[in-house]
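Engineer: Structure: data.txt, compact mmCIF, C-alpha atoms and all ligand atoms.
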```
# COMPACT_ATOMS: atom_id res chain seq x y z
CA MET A 25 -128.33 -130.39 89.43
CA LEU A 26 -127.61 -127.46 87.18
CA ILE A 27 -124.31 -125.58 87.21
CA ASP A 28 -123.72 -122.33 85.34
CA VAL A 29 -119.97 -121.57 85.22
CA HIS A 30 -120.33 -118.33 83.31
CA ALA A 31 -123.06 -115.76 83.91
CA HIS A 32 -123.07 -112.01 84.53
CA MET A 33 -125.48 -111.81 87.44
CA ASP A 34 -124.59 -108.13 87.99
CA PHE A 35 -126.37 -107.41 84.68
CA LEU A 36 -129.60 -109.12 85.80
CA PRO A 37 -132.49 -107.56 87.76
CA GLU A 38 -132.85 -108.44 91.47
CA GLU A 39 -135.95 -110.59 90.86
CA LYS A 40 -133.92 -112.91 88.61
CA LEU A 41 -131.33 -113.32 91.38
CA ILE A 42 -134.06 -114.24 93.87
CA LYS A 43 -135.61 -116.63 91.34
CA THR A 44 -132.20 -118.28 90.79
CA GLU A 45 -131.59 -118.69 94.53
CA LYS A 46 -135.02 -120.30 95.01
CA ASN A 47 -134.76 -122.70 92.06
CA LYS A 48 -134.20 -126.17 93.52
CA ARG A 49 -132.66 -127.53 90.30
CA ILE A 50 -129.83 -124.99 90.37
CA ARG A 51 -126.75 -125.88 92.38
CA LEU A 52 -124.33 -123.08 91.53
CA VAL A 53 -123.91 -119.99 89.38
CA LEU A 54 -120.50 -118.39 88.82
CA SER A 55 -120.92 -114.69 88.29
CA ASN A 56 -118.07 -113.47 86.09
CA SER A 57 -116.74 -109.91 86.23
CA VAL A 58 -115.31 -107.70 83.50
CA ASN A 59 -113.89 -104.74 85.47
CA LEU A 60 -113.35 -103.64 89.07
CA GLU A 61 -116.83 -102.16 89.35
CA SER A 62 -118.42 -105.44 88.28
CA CYS A 63 -116.12 -107.36 90.69
CA LYS A 64 -117.48 -105.23 93.54
CA LYS A 65 -121.11 -105.73 92.46
CA ASN A 66 -120.62 -109.49 92.13
CA LEU A 67 -118.96 -109.61 95.55
CA GLU A 68 -122.08 -108.03 97.10
CA ILE A 69 -124.35 -110.40 95.16
CA SER A 70 -122.31 -113.44 96.27
CA LYS A 71 -122.60 -112.37 99.91
CA LYS A 72 -126.37 -112.10 99.60
CA PHE A 73 -127.15 -115.23 97.56
CA SER A 74 -125.58 -118.51 98.62
CA LYS A 75 -125.77 -120.16 95.18
CA ILE A 76 -124.05 -117.30 93.37
CA LYS A 77 -120.25 -117.24 93.57
CA LEU A 78 -117.79 -114.50 92.68
CA VAL A 79 -115.42 -114.86 89.75
CA ALA A 80 -113.20 -111.75 89.64
CA GLY A 81 -111.47 -110.54 86.50
CA LEU A 82 -110.54 -107.69 84.19
CA TYR A 83 -111.59 -108.00 80.57
CA PRO A 84 -109.43 -105.91 78.12
CA GLU A 85 -111.81 -102.95 77.93
CA ASP A 86 -110.64 -99.61 76.41
CA ASP A 87 -109.63 -97.91 79.64
CA LEU A 88 -107.73 -100.79 81.26
CA ASP A 89 -104.18 -100.00 82.39
CA LEU A 90 -101.58 -101.35 84.82
CA LYS A 91 -102.74 -99.04 87.60
CA LYS A 92 -106.23 -100.55 87.32
CA TYR A 93 -104.64 -103.99 87.46
CA GLU A 94 -102.90 -103.10 90.74
CA GLU A 95 -106.23 -102.01 92.26
CA PHE A 96 -107.79 -105.25 91.04
CA GLU A 97 -105.06 -107.40 92.56
CA GLU A 98 -105.49 -105.62 95.87
CA PHE A 99 -109.26 -106.29 95.71
CA VAL A 100 -108.72 -110.00 94.96
CA LEU A 101 -106.17 -110.49 97.76
CA LYS A 102 -108.41 -108.66 100.22
CA ASN A 103 -111.44 -110.78 99.29
CA LYS A 104 -109.69 -114.03 98.44
CA LYS A 105 -112.07 -116.09 100.60
CA ASN A 106 -114.92 -115.10 98.27
CA VAL A 107 -113.09 -115.31 94.93
CA ILE A 108 -113.47 -118.85 93.56
CA ALA A 109 -111.86 -118.20 90.16
CA ILE A 110 -110.33 -115.45 88.02
CA GLY A 111 -112.51 -114.43 85.04
CA GLU A 112 -113.58 -113.43 82.63
CA ILE A 113 -110.13 -112.63 81.39
CA GLY A 114 -108.50 -112.93 78.00
CA ILE A 115 -107.32 -111.15 74.91
CA ASP A 116 -109.65 -109.72 72.29
CA LYS A 117 -108.75 -108.21 68.93
CA THR A 118 -112.20 -106.62 68.66
CA GLU A 119 -111.32 -104.37 71.64
CA LYS A 120 -109.42 -101.12 71.04
CA LEU A 121 -106.93 -101.59 73.89
CA GLU A 122 -103.35 -102.08 72.66
CA PHE A 123 -102.74 -105.83 72.15
CA GLU A 124 -99.38 -105.95 73.98
CA LEU A 125 -100.96 -104.37 77.05
CA GLN A 126 -103.87 -106.83 76.82
CA LYS A 127 -101.39 -109.73 76.88
CA LYS A 128 -99.50 -108.23 79.82
CA VAL A 129 -102.65 -107.88 81.97
CA PHE A 130 -103.84 -111.35 80.89
CA ILE A 131 -100.55 -112.95 82.01
CA LYS A 132 -100.62 -111.03 85.30
CA GLN A 133 -104.06 -112.46 86.03
CA LEU A 134 -103.00 -116.01 85.10
CA THR A 135 -100.05 -115.66 87.46
CA LEU A 136 -102.34 -114.40 90.23
CA ALA A 137 -104.69 -117.39 89.78
CA LYS A 138 -101.74 -119.76 89.89
CA LYS A 139 -100.51 -118.16 93.11
CA LEU A 140 -103.99 -118.45 94.69
CA LYS A 141 -104.48 -121.99 93.27
CA ILE A 142 -107.85 -121.14 91.70
CA PRO A 143 -109.10 -121.74 88.13
CA VAL A 144 -109.33 -119.18 85.33
CA ILE A 145 -112.27 -118.52 82.99
CA ILE A 146 -111.15 -117.27 79.62
CA HIS A 147 -112.65 -115.49 76.65
CA SER A 148 -110.39 -114.97 73.64
CA ARG A 149 -112.08 -113.29 70.73
CA LYS A 150 -110.36 -113.22 67.32
CA SER A 151 -107.14 -114.17 69.12
CA GLU A 152 -107.69 -117.81 70.08
CA LEU A 153 -104.29 -119.01 68.84
CA GLU A 154 -102.41 -116.26 70.70
CA ALA A 155 -104.36 -117.08 73.88
CA LEU A 156 -103.60 -120.81 73.62
CA ASP A 157 -99.90 -120.05 73.01
CA ILE A 158 -99.85 -118.16 76.30
CA LEU A 159 -101.90 -120.85 78.11
CA GLU A 160 -99.50 -123.57 77.01
CA ASP A 161 -97.05 -122.28 79.65
CA TYR A 162 -99.68 -123.04 82.32
CA LYS A 163 -100.38 -126.63 81.27
CA ASN A 164 -100.70 -128.80 84.43
CA LYS A 165 -100.20 -125.69 86.57
CA LEU A 166 -103.65 -124.14 86.30
CA LYS A 167 -107.24 -125.29 85.76
CA ILE A 168 -108.42 -123.51 82.64
CA VAL A 169 -111.98 -123.01 81.40
CA LEU A 170 -112.44 -121.75 77.85
CA HIS A 171 -115.75 -119.89 77.81
CA CYS A 172 -117.72 -119.74 74.58
CA PHE A 173 -114.68 -120.85 72.56
CA SER A 174 -115.19 -120.06 68.90
CA GLY A 175 -111.85 -121.20 67.50
CA ASN A 176 -111.80 -123.85 64.77
CA PHE A 177 -111.30 -127.55 65.43
CA SER A 178 -107.53 -127.58 65.20
CA LEU A 179 -107.53 -124.90 67.92
CA ILE A 180 -110.02 -126.92 69.96
CA ARG A 181 -107.63 -129.88 69.74
CA LYS A 182 -104.80 -127.64 70.94
CA GLY A 183 -107.01 -126.62 73.90
CA ILE A 184 -107.71 -130.26 74.71
CA GLU A 185 -103.99 -131.00 74.62
CA ILE A 186 -103.35 -128.19 77.13
CA GLY A 187 -106.02 -129.80 79.36
CA CYS A 188 -108.60 -127.02 79.10
CA PHE A 189 -112.25 -127.40 80.02
CA PHE A 190 -114.81 -126.09 77.50
CA SER A 191 -117.97 -124.44 78.78
CA ILE A 192 -120.87 -124.89 76.41
CA PRO A 193 -123.30 -121.94 76.21
CA THR A 194 -127.10 -122.32 76.11
CA ASN A 195 -127.26 -121.31 72.45
CA VAL A 196 -125.99 -124.85 71.77
CA VAL A 197 -129.66 -125.57 71.09
CA ARG A 198 -129.23 -123.91 67.70
CA SER A 199 -125.45 -123.48 67.18
CA GLU A 200 -123.83 -126.12 64.94
CA HIS A 201 -120.40 -125.11 66.25
CA PHE A 202 -121.24 -125.87 69.89
CA GLN A 203 -123.12 -129.06 68.99
CA LYS A 204 -119.99 -130.26 67.20
CA MET A 205 -117.94 -129.32 70.26
CA VAL A 206 -120.22 -131.44 72.50
CA ARG A 207 -119.66 -134.36 70.11
CA GLU A 208 -115.89 -134.03 69.78
CA VAL A 209 -114.47 -132.73 73.05
CA PRO A 210 -113.96 -135.52 75.65
CA LYS A 211 -117.03 -135.70 77.94
CA GLU A 212 -114.95 -135.14 81.04
CA LYS A 213 -113.82 -131.73 79.73
CA ILE A 214 -117.30 -130.25 79.21
CA LEU A 215 -118.97 -127.68 81.47
CA THR A 216 -122.21 -125.69 81.09
CA GLU A 217 -122.83 -121.95 81.05
CA THR A 218 -125.42 -119.36 80.05
CA ASP A 219 -123.40 -116.12 79.67
CA SER A 220 -126.61 -114.54 81.04
CA PRO A 221 -128.09 -112.17 80.05
CA HIS A 222 -126.57 -113.00 76.62
CA LEU A 223 -126.73 -116.13 74.38
CA SER A 224 -130.28 -117.13 75.32
CA PRO A 225 -131.64 -120.40 73.94
CA PHE A 226 -134.89 -118.49 73.31
CA LYS A 227 -134.60 -115.69 70.78
CA GLU A 228 -137.22 -113.47 72.41
CA GLU A 229 -136.15 -113.97 76.03
CA GLU A 230 -133.19 -112.72 78.09
CA ASN A 231 -130.96 -115.56 79.31
CA GLU A 232 -130.91 -116.78 82.94
CA PRO A 233 -129.20 -119.69 84.78
CA SER A 234 -132.31 -121.92 84.83
CA PHE A 235 -132.04 -122.20 81.03
CA ILE A 236 -129.03 -124.53 81.51
CA SER A 237 -131.76 -127.19 81.45
CA GLU A 238 -132.12 -126.55 77.69
CA SER A 239 -128.42 -127.35 77.15
CA ILE A 240 -128.76 -130.51 79.25
CA LYS A 241 -131.62 -131.66 76.99
CA LYS A 242 -129.58 -131.00 73.85
CA MET A 243 -126.45 -132.67 75.24
CA ALA A 244 -128.44 -135.75 76.30
CA GLU A 245 -129.67 -136.00 72.72
CA ILE A 246 -126.13 -135.67 71.28
CA TRP A 247 -124.55 -138.13 73.73
CA SER A 248 -127.57 -140.51 73.57
CA VAL A 249 -127.82 -140.71 77.36
CA SER A 250 -130.39 -139.55 79.94
CA GLU A 251 -130.51 -135.92 81.11
CA ASP A 252 -129.71 -137.15 84.59
CA LYS A 253 -126.49 -138.73 83.31
CA VAL A 254 -125.48 -135.46 81.63
CA GLU A 255 -126.07 -133.50 84.85
CA LYS A 256 -124.01 -135.98 86.86
CA GLN A 257 -121.16 -135.81 84.31
CA ILE A 258 -121.12 -132.00 84.46
CA GLU A 259 -121.11 -132.06 88.29
CA LYS A 260 -118.18 -134.47 88.22
CA ASN A 261 -116.28 -132.27 85.75
CA PHE A 262 -117.01 -129.19 87.84
CA LYS A 263 -115.58 -130.89 90.91
CA GLU A 264 -112.47 -131.92 88.97
CA CYS A 265 -111.96 -128.32 87.85
CA PHE A 266 -113.06 -126.27 90.88
CA GLY A 267 -112.44 -128.79 93.66
CA PHE A 268 -115.92 -128.74 95.29
ZN ZN A 301 -119.16 -113.34 79.60
```
Represent the structure from my file as structure tokens, please.
Ligand SMILES: [Zn+2]
Structural biologist:
Amino acid sequence: MLIDVHAHMDFLPEEKLIKTEKNKRIRLVLSNSVNLESCKKNLEISKKFSKIKLVAGLYPEDDLDLKKYEEFEEFVLKNKKNVIAIGEIGIDKTEKLEFELQKKVFIKQLTLAKKLKIPVIIHSRKSELEALDILEDYKNKLKIVLHCFSGNFSLIRKGIEIGCFFSIPTNVVRSEHFQKMVREVPKEKILTETDSPHLSPFKEEENEPSFISESIKKMAEIWSVSEDKVEKQIEKNFKECFGF
């Protein structure tokens, strides 16, 4: 069955949510949040649709501060039964927010995930090395998923050494970088994601969780195994990372 570990279901129209819920090939979709408002929307969505789960996190947007972090932590602790991971979190040099503050909020969220014993889903843009340096302290203490990792191959090796999982986006159908990642990262460290509504495998169409099937096709080709084998491997990896 198909598993999407990184989508933004709060950005999709209601009919896509219904379509996802009804699709028999889809097992689970993890709806990632970027701020408190999106955490709240994804909480409501996860209560309404059984296949969609809440991943709560604060991305380093312009207006993030420590007060907002406190409100977020309160939200997570209050709804901890529904929060299956912390994400998407990270550091990002393309964002205007002061880098030291970004790091501080990132570490606070890693610490929270560790305390709650749940995985983290990470996006580090133009700051992959700095993110891995921080994550090194959490080796063997936290399950880490690197979403849409665009660091070079020496950084990918560093991620592997820390024990990270790598979630491969649906644009793997045309991205050399992600195809190479599927070839070189150990099979048991690979997960699948769409980043819906972004990174569609079809240029003219908005992304949605059912398009994970396109990644499965591509990965089966790269690994020279059946699509069924790829799906089973991903389900096994998901269980190893998320525990269910
Ligand atoms: Zn995302």
Engineer: Please list as a compact mmCIF listing (two decimals) with C-alpha atoms, in the frame of the given file every residue within 12 Å of segment 42-52 of chain A, counting only C-alpha atoms and excluding residues in the same chain fewer than 6 positions away.
Structural biologist:
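Final output, around04.txt:
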```
# COMPACT_ATOMS: atom_id res chain seq x y z
CA MET A 25 -128.33 -130.39 89.43
CA LEU A 26 -127.61 -127.46 87.18
CA ILE A 27 -124.31 -125.58 87.21
CA ASP A 28 -123.72 -122.33 85.34
CA VAL A 29 -119.97 -121.57 85.22
CA HIS A 30 -120.33 -118.33 83.31
CA ALA A 31 -123.06 -115.76 83.91
CA MET A 33 -125.48 -111.81 87.44
CA LEU A 36 -129.60 -109.12 85.80
CA ILE A 69 -124.35 -110.40 95.16
CA SER A 70 -122.31 -113.44 96.27
CA LYS A 72 -126.37 -112.10 99.60
CA PHE A 73 -127.15 -115.23 97.56
CA SER A 74 -125.58 -118.51 98.62
CA LYS A 75 -125.77 -120.16 95.18
CA ILE A 76 -124.05 -117.30 93.37
CA LYS A 77 -120.25 -117.24 93.57
CA LEU A 78 -117.79 -114.50 92.68
CA ILE A 108 -113.47 -118.85 93.56
CA THR A 216 -122.21 -125.69 81.09
CA GLU A 217 -122.83 -121.95 81.05
CA SER A 220 -126.61 -114.54 81.04
CA ASN A 231 -130.96 -115.56 79.31
CA GLU A 232 -130.91 -116.78 82.94
CA PRO A 233 -129.20 -119.69 84.78
CA SER A 234 -132.31 -121.92 84.83
CA PHE A 235 -132.04 -122.20 81.03
CA ILE A 236 -129.03 -124.53 81.51
CA SER A 237 -131.76 -127.19 81.45
CA ASP A 252 -129.71 -137.15 84.59
CA GLU A 255 -126.07 -133.50 84.85
CA LYS A 256 -124.01 -135.98 86.86
CA ILE A 258 -121.12 -132.00 84.46
CA GLU A 259 -121.11 -132.06 88.29
CA PHE A 262 -117.01 -129.19 87.84
CA LYS A 263 -115.58 -130.89 90.91
CA PHE A 266 -113.06 -126.27 90.88
CA PHE A 268 -115.92 -128.74 95.29
```
Engineer: What separation in Å, quoted to one decimal, exists between atom CA of Pro193 of chain A and atom CA of Ser224 of chain A?
Structural biologist: 8.5 Å
Engineer: Report the closest atom pair, with its distance in Å rounded to one decimal, for each residue of segment 187-265 of chain A that has an atom no farther than 12 Å from segment 131-145 of chain A; count only C-alpha atoms, sort by chain and then rising residue number, and write it as a tab-separated table.
Structural biologist:
```
residue	atom	partner	partner_atom	distance
A:Cys188	CA	A:Val144	CA	10.0
A:Phe189	CA	A:Ile145	CA	9.4
A:Phe190	CA	A:Ile145	CA	9.7
A:Ser191	CA	A:Ile145	CA	9.2
A:Leu215	CA	A:Ile145	CA	11.5
A:Glu217	CA	A:Ile145	CA	11.3
A:Asp219	CA	A:Ile145	CA	11.9
A:Phe262	CA	A:Pro143	CA	10.9
A:Lys263	CA	A:Pro143	CA	11.6
A:Glu264	CA	A:Pro143	CA	10.8
A:Cys265	CA	A:Pro143	CA	7.2
```
Engineer: Excluding same-chain residues fewer than 6 positions from Gly111 of chain A, what lies within 8 Å of it counting all atoms listed in the file, as a ChimeraX atom specification?
Structural biologist: /A:56-58,79-83,144-146
Engineer: Which one is closest to ligand ZN 301 (chain A): A:Thr218, A:Gln203, A:Asn103, A:Gln257? Count all atoms listed in the file.
Structural biologist: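 That would be A:Thr218, the residue with the smallest distance to ligand ZN 301 (chain A).
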Engineer: With distances taken over only C-alpha atoms and all ligand atoms, which residue among A:Ser178, A:Asn106, A:Ser55, A:Ser151 lies nearest ligand ZN 301 (chain A)?
Structural biologist: A:Ser55
Engineer: Mind checking which residues fall within 12 Å of Gly183 of chain A, counting all atoms listed in the file, ignoring those fewer than 2 positions away in the same chain, and posting them as a PDB file with C-alpha atoms, in the frame of the given file?
Structural biologist:
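Listing of around.pdb after writing:
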```
ATOM      1  CA  ILE A 146    -111.150-117.270  79.620  1.00  0.00           C
ATOM      2  CA  GLU A 152    -107.690-117.810  70.080  1.00  0.00           C
ATOM      3  CA  LEU A 153    -104.290-119.010  68.840  1.00  0.00           C
ATOM      4  CA  GLU A 154    -102.410-116.260  70.700  1.00  0.00           C
ATOM      5  CA  ALA A 155    -104.360-117.080  73.880  1.00  0.00           C
ATOM      6  CA  LEU A 156    -103.600-120.810  73.620  1.00  0.00           C
ATOM      7  CA  ASP A 157     -99.900-120.050  73.010  1.00  0.00           C
ATOM      8  CA  ILE A 158     -99.850-118.160  76.300  1.00  0.00           C
ATOM      9  CA  LEU A 159    -101.900-120.850  78.110  1.00  0.00           C
ATOM     10  CA  GLU A 160     -99.500-123.570  77.010  1.00  0.00           C
ATOM     11  CA  TYR A 162     -99.680-123.040  82.320  1.00  0.00           C
ATOM     12  CA  LYS A 163    -100.380-126.630  81.270  1.00  0.00           C
ATOM     13  CA  LYS A 167    -107.240-125.290  85.760  1.00  0.00           C
ATOM     14  CA  ILE A 168    -108.420-123.510  82.640  1.00  0.00           C
ATOM     15  CA  VAL A 169    -111.980-123.010  81.400  1.00  0.00           C
ATOM     16  CA  LEU A 170    -112.440-121.750  77.850  1.00  0.00           C
ATOM     17  CA  HIS A 171    -115.750-119.890  77.810  1.00  0.00           C
ATOM     18  CA  PHE A 173    -114.680-120.850  72.560  1.00  0.00           C
ATOM     19  CA  SER A 174    -115.190-120.060  68.900  1.00  0.00           C
ATOM     20  CA  GLY A 175    -111.850-121.200  67.500  1.00  0.00           C
ATOM     21  CA  ASN A 176    -111.800-123.850  64.770  1.00  0.00           C
ATOM     22  CA  PHE A 177    -111.300-127.550  65.430  1.00  0.00           C
ATOM     23  CA  SER A 178    -107.530-127.580  65.200  1.00  0.00           C
ATOM     24  CA  LEU A 179    -107.530-124.900  67.920  1.00  0.00           C
ATOM     25  CA  ILE A 180    -110.020-126.920  69.960  1.00  0.00           C
ATOM     26  CA  ARG A 181    -107.630-129.880  69.740  1.00  0.00           C
ATOM     27  CA  GLU A 185    -103.990-131.000  74.620  1.00  0.00           C
ATOM     28  CA  ILE A 186    -103.350-128.190  77.130  1.00  0.00           C
ATOM     29  CA  GLY A 187    -106.020-129.800  79.360  1.00  0.00           C
ATOM     30  CA  CYS A 188    -108.600-127.020  79.100  1.00  0.00           C
ATOM     31  CA  PHE A 189    -112.250-127.400  80.020  1.00  0.00           C
ATOM     32  CA  PHE A 190    -114.810-126.090  77.500  1.00  0.00           C
ATOM     33  CA  MET A 205    -117.940-129.320  70.260  1.00  0.00           C
ATOM     34  CA  VAL A 209    -114.470-132.730  73.050  1.00  0.00           C
ATOM     35  CA  PRO A 210    -113.960-135.520  75.650  1.00  0.00           C
ATOM     36  CA  LYS A 213    -113.820-131.730  79.730  1.00  0.00           C
TER      37      LYS A 213
END
```
